[in-house]
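Undergrad: File structure_25.cif below, mmCIF, C-alpha atoms:
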data_query
loop_
_atom_site.label_atom_id
_atom_site.label_comp_id
_atom_site.auth_asym_id
_atom_site.auth_seq_id
_atom_site.Cartn_x
_atom_site.Cartn_y
_atom_site.Cartn_z
CA MET I 1 28.89 6.09 17.20
CA ALA I 2 25.18 6.19 18.13
CA SER I 3 25.57 9.41 20.11
CA GLU I 4 26.64 11.21 16.93
CA LEU I 5 23.23 10.73 15.29
CA VAL I 6 21.58 13.72 17.01
CA PRO I 7 22.81 16.22 19.58
CA HIS I 8 19.96 15.42 22.02
CA PRO I 9 17.36 12.66 22.52
CA SER I 10 14.33 12.90 20.23
CA GLN I 11 11.00 11.09 20.25
CA VAL I 12 10.66 8.21 17.79
CA ALA I 13 7.51 6.11 17.35
CA ILE I 14 7.56 2.71 15.66
CA VAL I 15 4.28 1.46 14.15
CA ILE I 16 3.99 -2.29 13.55
CA PRO I 17 0.78 -3.84 12.16
CA VAL I 18 0.40 -7.55 12.94
CA PHE I 19 -2.10 -10.20 11.89
CA ASN I 20 -1.94 -13.77 13.26
CA GLU I 21 1.74 -13.48 14.21
CA GLU I 22 1.67 -15.14 17.64
CA THR I 23 4.68 -17.33 16.77
CA VAL I 24 6.98 -14.49 15.70
CA VAL I 25 5.99 -11.23 17.37
CA ALA I 26 7.84 -11.90 20.66
CA ALA I 27 11.05 -12.82 18.82
CA PHE I 28 10.68 -9.77 16.62
CA HIS I 29 10.29 -7.53 19.66
CA GLN I 30 13.49 -8.89 21.20
CA ARG I 31 15.30 -8.23 17.93
CA LEU I 32 13.86 -4.73 17.80
CA ARG I 33 14.91 -4.01 21.39
CA ALA I 34 18.46 -5.14 20.67
CA VAL I 35 18.65 -2.44 17.98
CA ILE I 36 16.89 0.51 19.64
CA ASP I 37 17.98 0.13 23.29
CA PRO I 38 21.50 1.54 22.70
CA LEU I 39 20.22 4.49 20.63
CA PRO I 40 19.92 7.96 22.24
CA TYR I 41 16.24 8.39 21.45
CA SER I 42 12.99 8.18 23.39
CA PHE I 43 11.14 5.32 21.70
CA SER I 44 7.47 4.36 21.75
CA ILE I 45 6.30 1.18 20.04
CA TYR I 46 2.77 0.73 18.67
CA TYR I 47 1.62 -2.78 17.78
CA ILE I 48 -1.60 -2.71 15.75
CA ASN I 49 -3.49 -5.99 16.07
CA ASP I 50 -5.44 -6.13 12.81
CA GLY I 51 -8.16 -8.53 13.94
CA SER I 52 -5.93 -11.54 14.66
CA THR I 53 -7.79 -14.79 15.33
CA ASP I 54 -4.94 -16.63 17.05
CA GLY I 55 -3.11 -15.79 20.29
CA THR I 56 -1.42 -12.65 18.98
CA GLN I 57 -3.33 -10.36 21.37
CA VAL I 58 -2.21 -12.37 24.40
CA VAL I 59 1.42 -12.14 23.31
CA LEU I 60 1.10 -8.41 22.70
CA GLU I 61 -0.41 -7.82 26.13
CA ALA I 62 2.54 -9.67 27.65
CA LEU I 63 4.87 -7.28 25.79
CA VAL I 64 3.01 -4.35 27.36
CA GLU I 65 3.76 -5.80 30.79
CA SER I 66 7.45 -6.32 30.05
CA ASP I 67 8.20 -3.12 28.12
CA SER I 68 6.78 0.24 29.20
CA ARG I 69 7.33 1.66 25.71
CA VAL I 70 4.77 -0.69 24.11
CA THR I 71 1.20 0.29 23.30
CA VAL I 72 -1.20 -2.23 21.75
CA VAL I 73 -4.03 -1.01 19.53
CA GLU I 74 -6.55 -3.79 18.90
CA LEU I 75 -8.88 -3.24 15.95
CA SER I 76 -12.43 -4.59 16.06
CA ARG I 77 -11.81 -6.83 13.03
CA ASN I 78 -9.40 -7.34 10.16
CA PHE I 79 -9.47 -4.06 8.20
CA GLY I 80 -6.38 -4.76 6.10
CA HIS I 81 -2.73 -3.80 6.22
CA GLN I 82 -3.16 -0.22 4.96
CA ALA I 83 -5.94 0.52 7.45
CA ALA I 84 -3.89 -0.94 10.31
CA LEU I 85 -0.94 1.25 9.34
CA THR I 86 -3.26 4.25 9.29
CA ALA I 87 -4.47 3.41 12.79
CA GLY I 88 -0.88 3.35 14.01
CA LEU I 89 0.00 6.62 12.31
CA ASP I 90 -3.05 8.24 13.89
CA GLN I 91 -1.95 7.07 17.35
CA ALA I 92 1.76 7.87 17.10
CA GLU I 93 2.92 11.18 18.54
CA ALA I 94 6.64 11.71 17.96
CA GLU I 95 9.15 13.75 16.03
CA TRP I 96 9.76 10.78 13.72
CA VAL I 97 7.49 7.82 12.99
CA ILE I 98 8.80 4.56 11.53
CA SER I 99 6.40 2.00 10.07
CA MET I 100 7.46 -1.60 9.49
CA ASP I 101 6.14 -5.17 9.45
CA GLY I 102 6.53 -7.43 12.46
CA ASP I 103 7.50 -10.65 10.69
CA GLY I 104 11.22 -9.85 10.46
CA GLU I 105 11.42 -9.20 6.72
CA HIS I 106 11.84 -5.49 7.48
CA PRO I 107 15.14 -5.59 9.38
CA PRO I 108 15.16 -3.41 12.52
CA GLU I 109 18.93 -3.08 12.01
CA LEU I 110 18.11 -0.45 9.36
CA ILE I 111 16.57 1.92 11.93
CA PRO I 112 19.84 3.68 12.94
CA GLU I 113 20.56 4.47 9.28
CA MET I 114 17.03 5.81 8.80
CA LEU I 115 17.37 8.05 11.84
CA ALA I 116 20.77 9.26 10.68
CA LEU I 117 19.25 10.32 7.34
CA ALA I 118 16.33 11.99 9.14
CA ALA I 119 18.82 13.93 11.27
CA GLN I 120 20.30 15.27 8.02
CA GLY I 121 16.99 16.99 7.23
CA TYR I 122 15.09 14.42 5.17
CA GLU I 123 11.37 14.36 5.94
CA VAL I 124 10.72 10.96 4.35
CA VAL I 125 13.10 7.99 4.33
CA LEU I 126 11.94 5.16 2.06
CA ALA I 127 13.45 1.71 2.48
CA GLN I 128 13.80 0.18 -0.99
CA ARG I 129 13.67 -3.58 -1.16
CA GLN I 130 16.46 -5.20 -3.20
CA GLU I 131 14.95 -8.54 -4.17
CA PRO I 132 17.49 -11.38 -3.79
CA GLN I 133 18.10 -13.60 -6.79
CA GLN I 134 16.81 -16.67 -4.93
CA ALA I 135 13.38 -15.05 -4.64
CA GLY I 136 10.64 -16.67 -6.71
CA TRP I 137 10.45 -15.61 -10.36
CA PHE I 138 6.73 -14.86 -10.11
CA LYS I 139 7.21 -12.51 -7.15
CA ARG I 140 10.04 -10.64 -8.88
CA TRP I 141 8.17 -10.46 -12.20
CA SER I 142 4.86 -9.33 -10.68
CA SER I 143 6.57 -6.67 -8.57
CA GLU I 144 8.50 -5.27 -11.54
CA ALA I 145 5.40 -5.34 -13.74
CA PHE I 146 3.28 -3.54 -11.14
CA TYR I 147 5.74 -0.69 -10.58
CA ARG I 148 6.35 -0.34 -14.31
CA LEU I 149 2.60 -0.05 -14.91
CA ILE I 150 1.78 2.33 -12.06
CA ASN I 151 4.66 4.66 -12.92
CA ARG I 152 3.56 4.76 -16.56
CA ILE I 153 -0.11 5.55 -16.00
CA ALA I 154 0.02 7.59 -12.77
CA SER I 155 1.35 11.10 -12.29
CA THR I 156 2.82 10.25 -8.86
CA PRO I 157 6.16 8.44 -9.20
CA ILE I 158 6.62 5.42 -6.92
CA PRO I 159 10.15 3.96 -6.76
CA PRO I 160 10.25 0.21 -7.51
CA GLY I 161 10.67 -2.03 -4.47
CA VAL I 162 9.43 0.57 -1.99
CA SER I 163 7.06 -0.96 0.54
CA ASP I 164 5.59 0.37 3.80
CA PHE I 165 8.95 0.28 5.59
CA ARG I 166 9.60 4.01 5.95
CA LEU I 167 10.36 6.91 8.28
CA LEU I 168 8.17 10.01 8.33
CA GLN I 169 8.91 13.30 10.01
CA ARG I 170 6.12 14.78 12.16
CA ARG I 171 5.16 17.23 9.39
CA ALA I 172 4.72 14.40 6.88
CA VAL I 173 2.64 12.37 9.34
CA ALA I 174 0.34 15.35 9.93
CA ALA I 175 -0.12 15.78 6.18
CA LEU I 176 -0.87 12.07 5.74
CA ARG I 177 -3.52 12.23 8.46
CA GLN I 178 -5.42 14.80 6.41
CA MET I 179 -6.01 12.26 3.63
CA ARG I 180 -8.90 10.09 4.80
CA GLU I 181 -9.81 8.20 1.66
CA TYR I 182 -11.25 4.74 2.28
CA HIS I 183 -9.26 2.93 -0.42
CA ARG I 184 -5.72 3.54 0.71
CA PHE I 185 -2.40 3.06 -1.06
CA LEU I 186 0.03 4.64 1.35
CA ARG I 187 3.05 4.29 -0.95
CA GLY I 188 1.35 6.49 -3.51
CA MET I 189 -0.02 8.89 -0.88
CA VAL I 190 3.45 9.40 0.61
CA GLY I 191 4.89 9.99 -2.86
CA TRP I 192 2.08 12.42 -3.70
CA MET I 193 2.92 14.64 -0.70
CA GLY I 194 6.29 15.54 -2.18
CA PHE I 195 8.28 16.07 1.01
CA ARG I 196 12.07 15.92 0.98
CA THR I 197 12.72 12.22 0.38
CA VAL I 198 15.70 9.87 0.34
CA ILE I 199 15.82 6.17 -0.58
CA LEU I 200 17.67 3.64 1.57
CA PRO I 201 18.22 0.25 -0.17
CA TYR I 202 18.06 -2.93 1.90
CA THR I 203 17.95 -6.69 1.42
CA PRO I 204 14.91 -8.29 3.07
CA ALA I 205 15.62 -10.69 5.90
CA PRO I 206 13.91 -14.09 6.09
CA ARG I 207 10.71 -14.33 8.10
CA LEU I 208 11.17 -15.24 11.74
CA GLY I 209 8.57 -17.97 11.31
CA GLY I 210 5.21 -18.86 9.86
CA HIS I 211 4.19 -17.72 6.39
CA SER I 212 3.19 -14.51 4.70
CA HIS I 213 -0.46 -13.50 5.13
CA TYR I 214 -0.32 -11.23 2.08
CA SER I 215 -2.14 -13.48 -0.37
CA LEU I 216 -2.40 -13.01 -4.13
CA GLN I 217 -5.94 -11.70 -3.65
CA LYS I 218 -4.75 -9.03 -1.20
CA MET I 219 -1.90 -8.04 -3.52
CA LEU I 220 -4.34 -7.68 -6.43
CA ARG I 221 -6.67 -5.58 -4.26
CA LEU I 222 -3.76 -3.31 -3.34
CA ALA I 223 -2.79 -3.03 -7.02
CA PHE I 224 -6.36 -2.06 -7.98
CA ASN I 225 -6.44 0.53 -5.20
CA ALA I 226 -3.20 1.99 -6.54
CA ILE I 227 -4.35 2.11 -10.17
CA PHE I 228 -7.87 3.44 -9.61
CA SER I 229 -6.86 5.88 -6.86
CA PHE I 230 -3.96 7.51 -8.70
CA SER I 231 -4.80 7.30 -12.39
CA LEU I 232 -7.61 8.08 -14.83
CA VAL I 233 -5.80 6.31 -17.66
CA PRO I 234 -8.29 3.38 -17.76
CA LEU I 235 -11.06 5.86 -18.56
CA TYR I 236 -8.94 7.51 -21.23
CA ILE I 237 -8.38 4.06 -22.75
CA GLY I 238 -12.14 3.65 -22.99
CA ILE I 239 -12.55 7.00 -24.71
CA SER I 240 -9.73 6.14 -27.13
CA LEU I 241 -11.28 2.76 -27.97
CA GLY I 242 -14.59 4.50 -28.60
CA GLY I 243 -12.89 6.90 -31.00
CA VAL I 244 -11.17 4.03 -32.83
CA PHE I 245 -14.45 2.20 -33.31
CA LEU I 246 -16.17 5.36 -34.57
CA LEU I 247 -13.38 5.79 -37.11
CA LEU I 248 -13.70 2.16 -38.21
CA ALA I 249 -17.46 2.58 -38.55
CA LEU I 250 -16.93 5.66 -40.74
CA LEU I 251 -14.44 3.82 -42.94
CA GLU I 252 -16.85 0.89 -43.26
CA ALA I 253 -19.67 3.27 -44.29
CA LEU I 254 -17.47 4.91 -46.93
CA TYR I 255 -16.43 1.49 -48.21
CA VAL I 256 -20.04 0.34 -48.63
CA LEU I 257 -21.03 3.68 -50.18
CA SER I 258 -18.31 3.26 -52.81
CA PHE I 259 -20.04 0.09 -54.03
CA TRP I 260 -23.30 1.99 -54.53
CA LEU I 261 -21.64 4.91 -56.28
CA THR I 262 -19.89 2.59 -58.75
CA GLY I 263 -22.97 0.45 -59.42
CA ARG I 264 -21.49 -2.66 -57.81
CA GLN I 265 -24.07 -3.02 -55.05
CA ALA I 266 -24.84 -6.55 -56.25
CA SER I 267 -21.37 -7.56 -55.07
CA LEU I 268 -22.28 -6.75 -51.50
CA ALA I 269 -22.86 -10.13 -49.87
CA PRO I 270 -23.82 -10.36 -46.21
CA GLY I 271 -20.75 -11.38 -44.25
CA TRP I 272 -22.03 -13.31 -41.28
CA SER I 273 -18.61 -14.23 -39.84
CA SER I 274 -17.20 -10.72 -40.08
CA LEU I 275 -20.39 -9.30 -38.62
CA MET I 276 -20.26 -11.67 -35.66
CA PHE I 277 -16.58 -10.87 -35.12
CA VAL I 278 -17.30 -7.15 -35.00
CA LEU I 279 -20.27 -7.64 -32.70
CA LEU I 280 -18.32 -9.82 -30.30
CA PHE I 281 -15.28 -7.55 -30.35
CA VAL I 282 -17.28 -4.38 -29.82
CA GLY I 283 -19.53 -6.05 -27.25
CA GLY I 284 -16.54 -7.36 -25.30
CA SER I 285 -14.83 -3.99 -25.38
CA LEU I 286 -17.99 -2.30 -24.17
CA MET I 287 -18.35 -4.78 -21.30
CA ILE I 288 -14.73 -4.19 -20.26
CA MET I 289 -15.14 -0.43 -20.29
CA LEU I 290 -18.45 -0.61 -18.45
CA GLY I 291 -16.68 -2.73 -15.84
CA ILE I 292 -13.91 -0.14 -15.49
CA ILE I 293 -16.45 2.67 -15.17
CA GLY I 294 -18.36 0.53 -12.67
CA LEU I 295 -15.21 0.15 -10.57
CA TYR I 296 -14.74 3.91 -10.45
CA VAL I 297 -18.40 4.39 -9.52
CA GLY I 298 -18.03 1.73 -6.81
CA TYR I 299 -14.97 3.48 -5.42
CA ILE I 300 -16.87 6.78 -5.39
CA PHE I 301 -19.83 5.13 -3.67
CA GLN I 302 -17.64 3.73 -0.89
CA GLU I 303 -15.88 7.06 -0.44
CA VAL I 304 -19.03 9.19 -0.20
CA LYS I 305 -20.40 6.97 2.59
CA GLU I 306 -17.51 8.30 4.68
CA ARG I 307 -17.27 5.22 6.85
CA PRO I 308 -14.26 5.15 9.20
CA ILE I 309 -11.11 3.54 7.85
CA TYR I 310 -10.89 1.33 10.95
CA LEU I 311 -12.55 0.80 14.34
CA ILE I 312 -10.62 0.31 17.58
CA ARG I 313 -11.72 -2.24 20.18
CA GLN I 314 -9.22 -1.17 22.82
CA VAL I 315 -5.90 0.54 23.38
CA ILE I 316 -3.60 -1.01 25.99
CA SER I 317 -0.53 0.75 27.31
CA HIS I 318 1.80 0.13 30.23
CA SER I 319 0.31 2.96 32.30
CA GLN I 320 -3.22 1.59 31.88
CA SER I 321 -2.06 -1.92 32.75
CA SER I 322 -0.29 -0.66 35.88
CA ARG I 323 -3.42 1.17 37.09
CA GLN I 324 -5.56 -1.94 36.58
CA ASN I 325 -3.11 -4.14 38.50
CA SER I 326 -2.96 -1.67 41.37
#
Would you give me this structure, written as structure tokens?

TA:
Amino acid sequence: MASELVPHPSQVAIVIPVFNEETVVAAFHQRLRAVIDPLPYSFSIYYINDGSTDGTQVVLEALVESDSRVTVVELSRNFGHQAALTAGLDQAEAEWVISMDGDGEHPPELIPEMLALAAQGYEVVLAQRQEPQQAGWFKRWSSEAFYRLINRIASTPIPPGVSDFRLLQRRAVAALRQMREYHRFLRGMVGWMGFRTVILPYTPAPRLGGHSHYSLQKMLRLAFNAIFSFSLVPLYIGISLGGVFLLLALLEALYVLSFWLTGRQASLAPGWSSLMFVLLFVGGSLMIMLGIIGLYVGYIFQEVKERPIYLIRQVISHSQSSRQNS
């Protein structure tokens, strides 16, 4: 069955960012090997150590010794999941590049199906997460709300449930490398490119161990990167609110003028409560919009500095390790 995927062996690179996964990465690698070893492809595996503070690097170096296909890219510090993925994509040289997490939730068993779709001519294969019913209500609700919001305000459609488990053809990887923005939302960037895409649904597997390192704060940061990198709608909201308040001010002026024109100016009593309400409402709206504008300015400031997306401490491959031991 596997030999029917392609008529001849092709190069496939697998990019796996890890952060403090010393208890699961070895088991994940064994599971990955069980899937890819029978396939008629030439595989290379890139583990990106995103500044782990536990023994993850030691485990990864042991994998280099035991599997000649493994290359370990150690970043100088924790730059974040999107930056680590970018580092792996920059290193990978293959006809097809697959990115996935190393905690087991992205099942390696999906790789043959992804490669089969790529062999049919698709340049991007997106694995779409089908959230099981036993998943927490908050996780399901927040995910649905995020995708509903981003697809409403952004011009780049992003299918719900699509994460960073995907296959990219060499042409798509080269295009992605051209986009060097500091605040990265790879799901939106891949969708923006517009290459021939197919969606492959899957049910996430349970973690091999430990707990997720993707905290609520990191999820919110990713959501902000998505919104402010792919949409100007927040600014349009500010302009619209400004127009509404100008219209209300005009109506208020006409209302007061009507009292003077009809000789009822004595009926105009100062309305302290209504005045305070308007002041607070307008002041709050202005502060919100100034904050939104400030976020855009901050994003621009960080982009124009043109700092690198990540820094590499060292790259360890089997060939380098063999030369050092000899």

Undergrad: Just the residues within 9 Å of Leu311 (chain I), please, counting all atoms listed in the file, with nothing from its chain fewer than 4 positions along; format it as a list in words.

TA: Glu74, Leu75, Ser76, Arg77, Phe79 and Ala87 of chain I

Undergrad: If we count all atoms listed in the file, what is near Arg129 (chain I) at a cut-off of 9 Å, once residues fewer than 3 positions away on the same chain are taken out, given as a ChimeraX atom specification?

TA: /I:160-163,200-204

Undergrad: Distance CA of Asn78 (chain I)-CA of Asp50 (chain I), one decimal place?

TA: 4.9 Å

Undergrad: Quick check, in Å to one decimal: how far apart do CA of Leu149 (chain I) and CA of Met189 (chain I) lie?

TA: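 Computed distance, CA of Leu149 (chain I) to CA of Met189 (chain I), equals 16.8 Å.
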
Undergrad: Specify as a list in words each residue included when the PyMOL selection byres ((chain I and resi 191) around 10) is applied to this file.

TA: Val124, Leu126, Thr156, Pro157, Ile158, Pro159, Leu186, Arg187, Gly188, Met189, Val190, Trp192, Met193, Gly194, Phe195 and Thr197 of chain I

Undergrad: Can you work out the spacing between CA of Asn20 (chain I) and CA of Gly51 (chain I) in Å, to one decimal?

TA: 8.2 Å
